[in-house]
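Asks: Next comes target05.pdb, PDB, C-alpha atoms:
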```pdb
ATOM      1  CA  MET A   1     122.574 -56.535  70.503
ATOM      2  CA  THR A   2     126.032 -58.006  70.454
ATOM      3  CA  ASP A   3     126.798 -61.317  68.799
ATOM      4  CA  SER A   4     127.888 -63.049  72.010
ATOM      5  CA  SER A   5     125.913 -66.298  71.958
ATOM      6  CA  PRO A   6     127.764 -69.439  70.833
ATOM      7  CA  PRO A   7     126.798 -71.162  67.580
ATOM      8  CA  ILE A   8     124.083 -73.806  67.952
ATOM      9  CA  ASP A   9     122.825 -76.581  65.728
ATOM     10  CA  ARG A  10     120.943 -75.048  62.786
ATOM     11  CA  ARG A  11     117.985 -77.410  63.212
ATOM     12  CA  THR A  12     117.676 -76.237  66.813
ATOM     13  CA  ALA A  13     117.736 -72.627  65.618
ATOM     14  CA  LEU A  14     115.092 -73.293  62.996
ATOM     15  CA  ARG A  15     112.710 -74.920  65.463
ATOM     16  CA  ALA A  16     113.386 -72.786  68.536
ATOM     17  CA  LEU A  17     110.122 -71.997  70.312
ATOM     18  CA  GLY A  18     111.378 -69.402  72.821
ATOM     19  CA  SER A  19     109.444 -66.147  72.749
ATOM     20  CA  LEU A  20     111.152 -62.758  72.939
ATOM     21  CA  THR A  21     109.474 -59.448  73.676
ATOM     22  CA  LEU A  22     108.755 -57.463  70.560
ATOM     23  CA  VAL A  23     110.836 -54.315  70.448
ATOM     24  CA  GLY A  24     109.730 -51.164  68.630
ATOM     25  CA  ILE A  25     111.716 -49.051  66.255
ATOM     26  CA  ALA A  26     114.711 -47.503  67.993
ATOM     27  CA  GLY A  27     115.170 -43.739  67.948
ATOM     28  CA  CYS A  28     118.290 -41.910  66.828
ATOM     29  CA  THR A  29     120.349 -39.592  69.006
ATOM     30  CA  GLY A  30     121.503 -36.368  67.407
ATOM     31  CA  ASP A  31     119.892 -36.913  64.007
ATOM     32  CA  GLN A  32     120.219 -34.059  61.555
ATOM     33  CA  SER A  33     118.384 -35.554  58.592
ATOM     34  CA  THR A  34     118.507 -34.081  55.101
ATOM     35  CA  GLY A  35     115.790 -36.368  53.790
ATOM     36  CA  PRO A  36     113.062 -38.791  54.810
ATOM     37  CA  SER A  37     113.962 -42.068  56.469
ATOM     38  CA  SER A  38     113.826 -44.914  53.976
ATOM     39  CA  SER A  39     113.523 -48.689  54.037
ATOM     40  CA  LEU A  40     115.173 -51.059  51.607
ATOM     41  CA  THR A  41     112.646 -53.845  51.097
ATOM     42  CA  THR A  42     113.172 -57.333  49.695
ATOM     43  CA  THR A  43     110.216 -59.005  47.982
ATOM     44  CA  THR A  44     110.179 -62.698  48.794
ATOM     45  CA  ALA A  45     108.107 -65.852  48.165
ATOM     46  CA  GLY A  46     106.344 -68.474  50.290
ATOM     47  CA  PRO A  47     104.954 -67.241  53.637
ATOM     48  CA  PHE A  48     107.104 -64.094  53.516
ATOM     49  CA  ALA A  49     105.643 -61.196  51.556
ATOM     50  CA  ASN A  50     108.298 -58.515  52.189
ATOM     51  CA  VAL A  51     111.361 -58.086  54.376
ATOM     52  CA  GLY A  52     112.662 -54.564  54.980
ATOM     53  CA  VAL A  53     114.621 -52.422  57.409
ATOM     54  CA  GLN A  54     113.074 -49.352  59.014
ATOM     55  CA  GLY A  55     115.628 -47.480  61.104
ATOM     56  CA  THR A  56     117.237 -50.215  63.200
ATOM     57  CA  THR A  57     114.318 -52.640  62.937
ATOM     58  CA  LEU A  58     114.003 -55.610  60.590
ATOM     59  CA  VAL A  59     110.336 -55.677  59.542
ATOM     60  CA  VAL A  60     108.848 -58.920  58.193
ATOM     61  CA  ASP A  61     105.500 -58.862  56.352
ATOM     62  CA  LEU A  62     103.739 -62.213  56.074
ATOM     63  CA  VAL A  63     101.331 -63.479  53.437
ATOM     64  CA  SER A  64      97.717 -63.220  54.605
ATOM     65  CA  ASP A  65      96.085 -66.355  56.038
ATOM     66  CA  THR A  66      99.418 -68.164  56.354
ATOM     67  CA  ASP A  67      99.448 -70.743  59.149
ATOM     68  CA  ILE A  68     102.612 -69.736  61.051
ATOM     69  CA  GLU A  69     103.180 -69.995  64.796
ATOM     70  CA  HIS A  70     106.437 -68.082  65.006
ATOM     71  CA  VAL A  71     109.314 -66.660  62.976
ATOM     72  CA  ASN A  72     112.982 -67.246  63.880
ATOM     73  CA  LEU A  73     115.846 -64.949  62.910
ATOM     74  CA  VAL A  74     119.160 -66.814  62.556
ATOM     75  CA  LYS A  75     122.516 -64.999  62.666
ATOM     76  CA  PRO A  76     125.243 -65.414  60.012
ATOM     77  CA  ASN A  77     127.109 -67.800  62.358
ATOM     78  CA  GLY A  78     124.073 -70.102  62.617
ATOM     79  CA  SER A  79     122.994 -69.147  66.138
ATOM     80  CA  LEU A  80     119.536 -67.874  66.982
ATOM     81  CA  PHE A  81     119.108 -64.094  67.113
ATOM     82  CA  GLY A  82     115.506 -64.245  68.324
ATOM     83  CA  THR A  83     111.977 -65.564  67.906
ATOM     84  CA  ARG A  84     108.698 -63.723  67.311
ATOM     85  CA  ASP A  85     105.346 -65.381  67.944
ATOM     86  CA  VAL A  86     102.756 -64.739  65.243
ATOM     87  CA  ALA A  87      99.369 -63.925  66.767
ATOM     88  CA  GLN A  88      96.254 -65.173  65.008
ATOM     89  CA  GLY A  89      95.423 -62.831  62.141
ATOM     90  CA  ALA A  90      98.753 -60.975  62.408
ATOM     91  CA  SER A  91     100.633 -60.195  59.216
ATOM     92  CA  ARG A  92     103.809 -58.560  60.545
ATOM     93  CA  VAL A  93     106.610 -59.268  63.012
ATOM     94  CA  SER A  94     109.783 -57.295  63.652
ATOM     95  CA  PHE A  95     113.251 -57.637  65.189
ATOM     96  CA  ASP A  96     115.224 -54.729  66.618
ATOM     97  CA  VAL A  97     118.728 -55.460  65.327
ATOM     98  CA  GLY A  98     120.251 -52.235  66.685
ATOM     99  CA  THR A  99     123.657 -51.172  65.338
ATOM    100  CA  THR A 100     125.974 -53.615  67.119
ATOM    101  CA  TYR A 101     124.888 -56.639  65.098
ATOM    102  CA  THR A 102     127.299 -58.741  63.053
ATOM    103  CA  PRO A 103     127.053 -57.757  59.355
ATOM    104  CA  GLY A 104     126.212 -60.619  57.017
ATOM    105  CA  GLU A 105     123.380 -62.810  55.736
ATOM    106  CA  TYR A 106     120.533 -63.497  58.173
ATOM    107  CA  GLU A 107     117.977 -66.253  57.697
ATOM    108  CA  LEU A 108     114.276 -65.938  58.504
ATOM    109  CA  VAL A 109     112.495 -69.198  59.253
ATOM    110  CA  ALA A 110     108.714 -69.601  59.486
ATOM    111  CA  VAL A 111     107.738 -72.474  61.807
ATOM    112  CA  THR A 112     104.519 -74.259  62.767
ATOM    113  CA  GLY A 113     104.820 -76.983  65.402
ATOM    114  CA  ASP A 114     108.082 -78.738  64.594
ATOM    115  CA  GLN A 115     107.750 -78.103  60.857
ATOM    116  CA  THR A 116     109.552 -75.434  58.843
ATOM    117  CA  VAL A 117     106.969 -73.701  56.641
ATOM    118  CA  GLY A 118     109.403 -71.561  54.667
ATOM    119  CA  THR A 119     112.686 -69.645  54.771
ATOM    120  CA  THR A 120     114.179 -66.535  53.240
ATOM    121  CA  THR A 121     117.394 -64.553  53.699
ATOM    122  CA  ARG A 122     118.201 -60.888  54.169
ATOM    123  CA  THR A 123     121.677 -59.362  54.172
ATOM    124  CA  LEU A 124     122.346 -56.708  56.808
ATOM    125  CA  ARG A 125     125.461 -54.759  55.890
ATOM    126  CA  PRO A 126     125.924 -50.978  56.100
ATOM    127  CA  ASP A 127     127.838 -48.975  53.501
ATOM    128  CA  LEU A 128     128.595 -45.521  54.875
ATOM    129  CA  GLN A 129     129.666 -42.886  52.339
ATOM    130  CA  ILE A 130     130.937 -39.339  52.821
ATOM    131  CA  ILE A 131     129.165 -37.325  50.127
ATOM    132  CA  GLU A 132     130.270 -33.759  50.842
ATOM    133  CA  MET A 133     131.955 -31.573  53.459
ATOM    134  CA  GLY A 134     132.661 -27.904  53.971
ATOM    135  CA  ILE A 135     133.615 -25.203  56.478
ATOM    136  CA  GLY A 136     131.119 -22.937  58.197
ATOM    137  CA  ARG A 137     133.019 -19.724  57.405
ATOM    138  CA  ASN A 138     133.012 -20.585  53.691
ATOM    139  CA  GLN A 139     129.489 -22.012  53.392
ATOM    140  CA  PRO A 140     127.345 -20.683  56.255
ATOM    141  CA  GLU A 141     124.142 -21.503  54.373
ATOM    142  CA  LYS A 142     124.844 -25.213  54.825
ATOM    143  CA  MET A 143     125.319 -24.995  58.579
ATOM    144  CA  TRP A 144     122.736 -24.927  61.352
ATOM    145  CA  ASN A 145     120.959 -21.660  62.137
ATOM    146  CA  GLY A 146     123.595 -20.110  64.397
ATOM    147  CA  SER A 147     125.645 -16.931  64.531
ATOM    148  CA  LYS A 148     128.505 -16.456  62.061
ATOM    149  CA  GLN A 149     130.998 -16.554  64.906
ATOM    150  CA  GLU A 150     129.505 -19.779  66.284
ATOM    151  CA  ILE A 151     129.648 -21.703  63.010
ATOM    152  CA  ALA A 152     132.796 -20.189  61.441
ATOM    153  CA  ASP A 153     135.230 -22.771  62.854
ATOM    154  CA  GLU A 154     132.907 -25.760  62.508
ATOM    155  CA  ALA A 155     132.311 -28.109  59.575
ATOM    156  CA  TYR A 156     129.415 -29.962  58.004
ATOM    157  CA  VAL A 157     129.706 -33.470  56.553
ATOM    158  CA  VAL A 158     126.965 -35.016  54.411
ATOM    159  CA  VAL A 159     126.842 -38.776  54.997
ATOM    160  CA  ARG A 160     124.758 -41.507  53.348
ATOM    161  CA  ASN A 161     124.227 -45.139  54.251
ATOM    162  CA  GLY A 162     124.053 -46.903  50.897
ATOM    163  CA  GLY A 163     123.979 -50.364  52.454
ATOM    164  CA  SER A 164     121.282 -52.800  53.544
ATOM    165  CA  GLY A 165     121.740 -52.569  57.334
ATOM    166  CA  PRO A 166     121.641 -49.761  59.926
ATOM    167  CA  VAL A 167     124.776 -48.067  61.244
ATOM    168  CA  SER A 168     125.661 -45.515  63.936
ATOM    169  CA  VAL A 169     128.390 -42.889  63.624
ATOM    170  CA  THR A 170     130.024 -42.648  67.048
ATOM    171  CA  GLN A 171     132.842 -40.201  66.241
ATOM    172  CA  LEU A 172     133.470 -37.465  63.675
ATOM    173  CA  LEU A 173     137.226 -36.904  63.315
ATOM    174  CA  PHE A 174     139.397 -34.451  61.365
ATOM    175  CA  LEU A 175     142.973 -35.684  61.049
ATOM    176  CA  GLY A 176     146.056 -34.295  59.330
ATOM    177  CA  MET A 177     146.575 -30.705  58.201
ATOM    178  CA  ALA A 178     143.345 -29.268  59.624
ATOM    179  CA  PRO A 179     143.860 -26.090  61.689
ATOM    180  CA  TYR A 180     142.715 -27.776  64.917
ATOM    181  CA  PRO A 181     142.694 -31.539  64.269
ATOM    182  CA  SER A 182     141.174 -34.268  66.443
ATOM    183  CA  GLY A 183     144.520 -35.923  67.129
ATOM    184  CA  GLU A 184     147.408 -35.218  69.521
ATOM    185  CA  ASN A 185     148.339 -31.945  67.843
ATOM    186  CA  GLY A 186     144.851 -30.536  68.370
ATOM    187  CA  THR A 187     141.843 -31.342  70.519
ATOM    188  CA  GLY A 188     143.127 -34.874  71.170
ATOM    189  CA  TYR A 189     139.718 -36.554  71.390
ATOM    190  CA  ALA A 190     140.460 -39.081  68.641
ATOM    191  CA  ASP A 191     141.537 -41.605  71.273
ATOM    192  CA  ASP A 192     138.598 -40.918  73.591
ATOM    193  CA  PRO A 193     135.539 -42.979  72.491
ATOM    194  CA  ASP A 194     133.339 -41.053  74.947
ATOM    195  CA  ILE A 195     133.697 -37.887  72.838
ATOM    196  CA  SER A 196     131.860 -37.963  69.510
ATOM    197  CA  GLY A 197     132.792 -34.550  68.130
ATOM    198  CA  ILE A 198     129.249 -34.358  66.658
ATOM    199  CA  TYR A 199     127.023 -31.357  67.384
ATOM    200  CA  ASP A 200     123.245 -31.742  67.658
ATOM    201  CA  PRO A 201     121.539 -28.393  66.907
ATOM    202  CA  GLN A 202     118.196 -29.619  68.287
ATOM    203  CA  SER A 203     119.554 -30.203  71.791
ATOM    204  CA  ASP A 204     122.411 -27.673  71.488
ATOM    205  CA  SER A 205     124.787 -30.306  72.828
ATOM    206  CA  GLU A 206     127.202 -32.989  71.682
ATOM    207  CA  ALA A 207     125.440 -36.107  70.405
ATOM    208  CA  SER A 208     126.653 -39.502  71.580
ATOM    209  CA  LYS A 209     125.972 -40.989  68.137
ATOM    210  CA  VAL A 210     123.902 -40.554  64.987
ATOM    211  CA  THR A 211     122.104 -43.551  63.492
ATOM    212  CA  PHE A 212     121.446 -44.137  59.784
ATOM    213  CA  GLY A 213     118.947 -46.630  58.395
ATOM    214  CA  PRO A 214     119.519 -48.172  54.951
ATOM    215  CA  GLY A 215     119.377 -45.533  52.233
ATOM    216  CA  GLU A 216     119.288 -42.675  54.754
ATOM    217  CA  GLN A 217     121.283 -39.467  54.260
ATOM    218  CA  LYS A 218     122.001 -36.903  56.982
ATOM    219  CA  THR A 219     124.252 -33.939  57.657
ATOM    220  CA  LEU A 220     126.657 -34.176  60.580
ATOM    221  CA  TYR A 221     128.048 -31.040  62.216
ATOM    222  CA  SER A 222     131.329 -30.816  64.118
ATOM    223  CA  SER A 223     131.332 -29.738  67.759
ATOM    224  CA  ARG A 224     135.061 -29.286  68.445
ATOM    225  CA  SER A 225     135.982 -26.416  66.063
ATOM    226  CA  PRO A 226     138.359 -28.318  63.756
ATOM    227  CA  PHE A 227     138.875 -25.199  61.621
ATOM    228  CA  ALA A 228     139.777 -22.797  64.422
ATOM    229  CA  PHE A 229     143.275 -21.299  64.498
ATOM    230  CA  VAL A 230     144.913 -22.048  67.853
ATOM    231  CA  PRO A 231     148.521 -20.929  68.512
ATOM    232  CA  GLY A 232     150.779 -23.904  69.169
ATOM    233  CA  SER A 233     148.275 -26.461  67.815
ATOM    234  CA  GLY A 234     147.588 -27.862  64.383
ATOM    235  CA  THR A 235     148.296 -25.566  61.438
ATOM    236  CA  THR A 236     148.198 -21.763  61.565
ATOM    237  CA  CYS A 237     148.638 -19.062  58.943
ATOM    238  CA  THR A 238     152.105 -17.948  57.819
ATOM    239  CA  ASP A 239     153.450 -15.351  55.423
ATOM    240  CA  SER A 240     153.680 -18.092  52.767
ATOM    241  CA  VAL A 241     151.018 -20.186  51.067
ATOM    242  CA  GLN A 242     150.623 -23.657  52.595
ATOM    243  CA  GLN A 243     149.055 -26.726  50.990
ATOM    244  CA  GLY A 244     148.384 -30.222  52.266
ATOM    245  CA  THR A 245     145.670 -32.736  53.057
ATOM    246  CA  PHE A 246     143.428 -33.719  55.922
ATOM    247  CA  THR A 247     141.126 -36.694  56.436
ATOM    248  CA  VAL A 248     137.517 -36.784  57.586
ATOM    249  CA  SER A 249     136.983 -40.058  59.457
ATOM    250  CA  LEU A 250     133.764 -41.583  60.776
ATOM    251  CA  GLU A 251     134.029 -44.171  63.551
ATOM    252  CA  THR A 252     131.005 -46.462  63.496
ATOM    253  CA  ASP A 253     129.026 -49.375  64.899
ATOM    254  CA  PRO A 254     128.585 -52.187  63.974
ATOM    255  CA  ASP A 255     131.953 -53.922  63.990
ATOM    256  CA  ALA A 256     133.849 -50.837  65.264
ATOM    257  CA  SER A 257     134.641 -49.999  61.639
ATOM    258  CA  SER A 258     135.516 -46.622  60.123
ATOM    259  CA  THR A 259     134.911 -44.687  56.920
ATOM    260  CA  SER A 260     137.232 -41.913  55.781
ATOM    261  CA  LYS A 261     137.824 -39.493  52.926
ATOM    262  CA  MET A 262     140.850 -37.302  52.214
ATOM    263  CA  TYR A 263     140.568 -33.647  51.166
ATOM    264  CA  ASP A 264     143.082 -31.117  49.845
ATOM    265  CA  ILE A 265     143.445 -27.914  51.879
ATOM    266  CA  ARG A 266     145.133 -24.621  51.014
ATOM    267  CA  TYR A 267     146.092 -21.825  53.412
ATOM    268  CA  SER A 268     146.600 -18.416  51.804
ATOM    269  CA  ALA A 269     149.478 -16.220  52.927
ATOM    270  CA  ALA A 270     148.701 -13.926  55.874
ATOM    271  CA  GLU A 271     150.512 -11.706  58.349
ATOM    272  CA  LYS A 272     148.520 -12.970  61.348
ATOM    273  CA  PHE A 273     148.306 -16.588  62.525
ATOM    274  CA  ASN A 274     144.510 -16.586  62.191
ATOM    275  CA  ASN A 275     143.897 -14.333  59.218
ATOM    276  CA  CYS A 276     144.406 -16.571  56.164
ATOM    277  CA  THR A 277     141.776 -17.926  53.820
ATOM    278  CA  LEU A 278     141.126 -21.668  53.781
ATOM    279  CA  THR A 279     140.184 -23.443  50.579
ATOM    280  CA  ILE A 280     138.971 -27.038  50.685
ATOM    281  CA  GLY A 281     139.070 -29.279  47.617
ATOM    282  CA  GLY A 282     135.503 -29.864  46.461
ATOM    283  CA  GLU A 283     133.959 -26.883  48.273
TER     284      GLU A 283
END
```
When written as structure tokens, how does the structure in this file appear?
Replies:
Amino acid sequence: MTDSSPPIDRRTALRALGSLTLVGIAGCTGDQSTGPSSSLTTTTAGPFANVGVQGTTLVVDLVSDTDIEHVNLVKPNGSLFGTRDVAQGASRVSFDVGTTYTPGEYELVAVTGDQTVGTTTRTLRPDLQIIEMGIGRNQPEKMWNGSKQEIADEAYVVVRNGGSGPVSVTQLLFLGMAPYPSGENGTGYADDPDISGIYDPQSDSEASKVTFGPGEQKTLYSSRSPFAFVPGSGTTCTDSVQQGTFTVSLETDPDASSTSKMYDIRYSAAEKFNNCTLTIGGE
């Protein structure tokens, strides 16, 4: 959900009675998870028992027998994100925040009639981290279950969301002195937001995005052969040793932000353009 509504008076937001349809937990496209999905939960006081994030959904647990008619979620800019009615005997409501929300501090407001029963806050802010990367030809055991030829020119990138809000990776880019980079001197998809460069082994196709909940770690696989040797593109082998750097970059939602990490790369000497050994710093 994009943050397109104009700011409104905070009292109006706190007392808004409009009802929105409850949305379930959103699925992830192209997930290659290396661990169980997790939820970072905040223990609160008053009518709110716990507030956590599961996938892309903000889950609000209420204290039993609390007299609440509905719960409002207020955006960082003071406008109303949405309202959830609390059915009699219910102890949980949820808001699907997606991955196009505005990062920042959100306020939850419990309301009965025109009275505010209690409030609490929850910060939604992703923190994407590149943990590890490697090349299929060097570390085939860390790739998907494919043939050696299929995975040789591809890469794996282990990514973790250490933040408090969900995030989607929409592009996996390899820039700089990679053999077949994502920029103009290679595949050229860096400027095309419709191409993710992320391979999904489950569907055997290119994923449009991969979504991470708070605390979730997954392995992304390249789909555009960034470590293939292509004459006239990128970097190829020569009769001399070559050294340089390349950057792994993750384009993301929300906020169209990016996360990147630079790696050293070494090309051994070779007589053929595609016959040298690649060594990546940290492999």
Asks: Find the residue from A:Thr235, A:Ser240, A:Asn72, A:Asn275 that sits nearest to Gly176 in chain A; use only C-alpha atoms when measuring.
Replies: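 With only C-alpha atoms as the atom set, the closest residue is A:Thr235.
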Asks: Taking the file as shown, what set of residues would the PyMOL selection byres ((chain A and resi 144) around 12) give back, as a PyMOL selection string?
Replies: chain A and resi 32-34+135-136+139-143+145-148+150-152+154-156+199-202+204+219-223
Asks: Please indicate the distance in Å from CA of Val53 in chain A to CA of Val157 in chain A, rounded to one decimal place.
Replies: 24.2 Å
Asks: Name the closest residue to Asp96 in chain A among the candidates A:Phe81, A:Phe246, A:Phe212, A:Phe227; distances are taken between atoms, counting only C-alpha atoms.
Replies: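 Counting only C-alpha atoms, the residue closest to Asp96 in chain A is A:Phe81.
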Asks: Restricting the calculation to only C-alpha atoms, which member of A:Val210, A:Ile198, A:Val86, A:Val169 is positioned closest to Thr259 in chain A?
Replies: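 The closest residue to Thr259 in chain A is A:Val169.
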Asks: Could you name the residues that touch Pro193 in chain A at 10 Å or less, counting all atoms listed in the file, but leaving out those on the same chain fewer than 2 positions away, as a PyMOL selection string?
Replies: chain A and resi 170-171+189-191+195-197+208+251
Asks: Which residues, named as in the file, does the PyMOL selection byres ((chain A and resi 281) around 12) pick out? Answer as number ranges by chain.
Replies: A: 132-135, 243-247, 261-267, 278-280, 282-283
Asks: One number please: CA of Leu128 in chain A to CA of Pro179 in chain A, in Å, one decimal.
Replies: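 Going from CA of Leu128 in chain A over to CA of Pro179 in chain A, I get 25.6 Å.
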Asks: If you measure from CA of Val158 in chain A to CA of Gln54 in chain A, what distance in Å do you get, rounded to one decimal?
Replies: 20.5 Å
Asks: Using all atoms listed in the file, determine which residues lie at most 7 Å from Gly213 in chain A, disregarding the query and same-chain residues fewer than 6 positions distant; provide the list as a PyMOL selection string.
Replies: chain A and resi 38+54-56+161+165-167
Asks: Complete range 71-90 of chain A at the level of N, CA and C atoms, written as a CSV table (one decimal), keeping the file's coordinate frame.
Replies:
```csv
chain,number,residue,atom,x,y,z
A,71,VAL,N,108.3,-66.9,64.0
A,71,VAL,CA,109.3,-66.7,63.0
A,71,VAL,C,110.6,-66.5,63.7
A,72,ASN,N,111.6,-67.3,63.3
A,72,ASN,CA,113.0,-67.2,63.9
A,72,ASN,C,113.9,-66.4,63.0
A,73,LEU,N,114.8,-65.7,63.6
A,73,LEU,CA,115.8,-64.9,62.9
A,73,LEU,C,117.2,-65.6,63.3
A,74,VAL,N,117.9,-66.1,62.3
A,74,VAL,CA,119.2,-66.8,62.6
A,74,VAL,C,120.3,-65.9,62.1
A,75,LYS,N,121.3,-65.8,63.0
A,75,LYS,CA,122.5,-65.0,62.7
A,75,LYS,C,123.4,-65.6,61.6
A,76,PRO,N,124.3,-64.9,61.0
A,76,PRO,CA,125.2,-65.4,60.0
A,76,PRO,C,126.1,-66.6,60.5
A,77,ASN,N,126.3,-66.7,61.8
A,77,ASN,CA,127.1,-67.8,62.4
A,77,ASN,C,126.3,-69.0,62.7
A,78,GLY,N,124.9,-69.0,62.4
A,78,GLY,CA,124.1,-70.1,62.6
A,78,GLY,C,123.4,-70.1,63.9
A,79,SER,N,123.7,-69.2,64.8
A,79,SER,CA,123.0,-69.1,66.1
A,79,SER,C,121.7,-68.3,66.0
A,80,LEU,N,120.9,-68.5,67.0
A,80,LEU,CA,119.5,-67.9,67.0
A,80,LEU,C,119.6,-66.4,67.5
A,81,PHE,N,119.2,-65.5,66.7
A,81,PHE,CA,119.1,-64.1,67.1
A,81,PHE,C,117.9,-63.9,68.0
A,82,GLY,N,116.7,-64.4,67.6
A,82,GLY,CA,115.5,-64.2,68.3
A,82,GLY,C,114.3,-64.9,67.7
A,83,THR,N,113.2,-65.0,68.4
A,83,THR,CA,112.0,-65.6,67.9
A,83,THR,C,110.8,-64.6,68.1
A,84,ARG,N,109.9,-64.5,67.2
A,84,ARG,CA,108.7,-63.7,67.3
A,84,ARG,C,107.5,-64.6,67.1
A,85,ASP,N,106.6,-64.7,68.1
A,85,ASP,CA,105.3,-65.4,67.9
A,85,ASP,C,104.5,-64.6,67.0
A,86,VAL,N,103.7,-65.3,66.2
A,86,VAL,CA,102.8,-64.7,65.2
A,86,VAL,C,101.3,-64.9,65.8
A,87,ALA,N,100.7,-63.8,66.2
A,87,ALA,CA,99.4,-63.9,66.8
A,87,ALA,C,98.4,-64.2,65.6
A,88,GLN,N,97.3,-64.8,66.0
A,88,GLN,CA,96.3,-65.2,65.0
A,88,GLN,C,95.8,-63.9,64.3
A,89,GLY,N,95.8,-64.0,63.0
A,89,GLY,CA,95.4,-62.8,62.1
A,89,GLY,C,96.5,-61.8,61.9
A,90,ALA,N,97.7,-61.9,62.6
A,90,ALA,CA,98.8,-61.0,62.4
A,90,ALA,C,99.5,-61.2,61.1
```
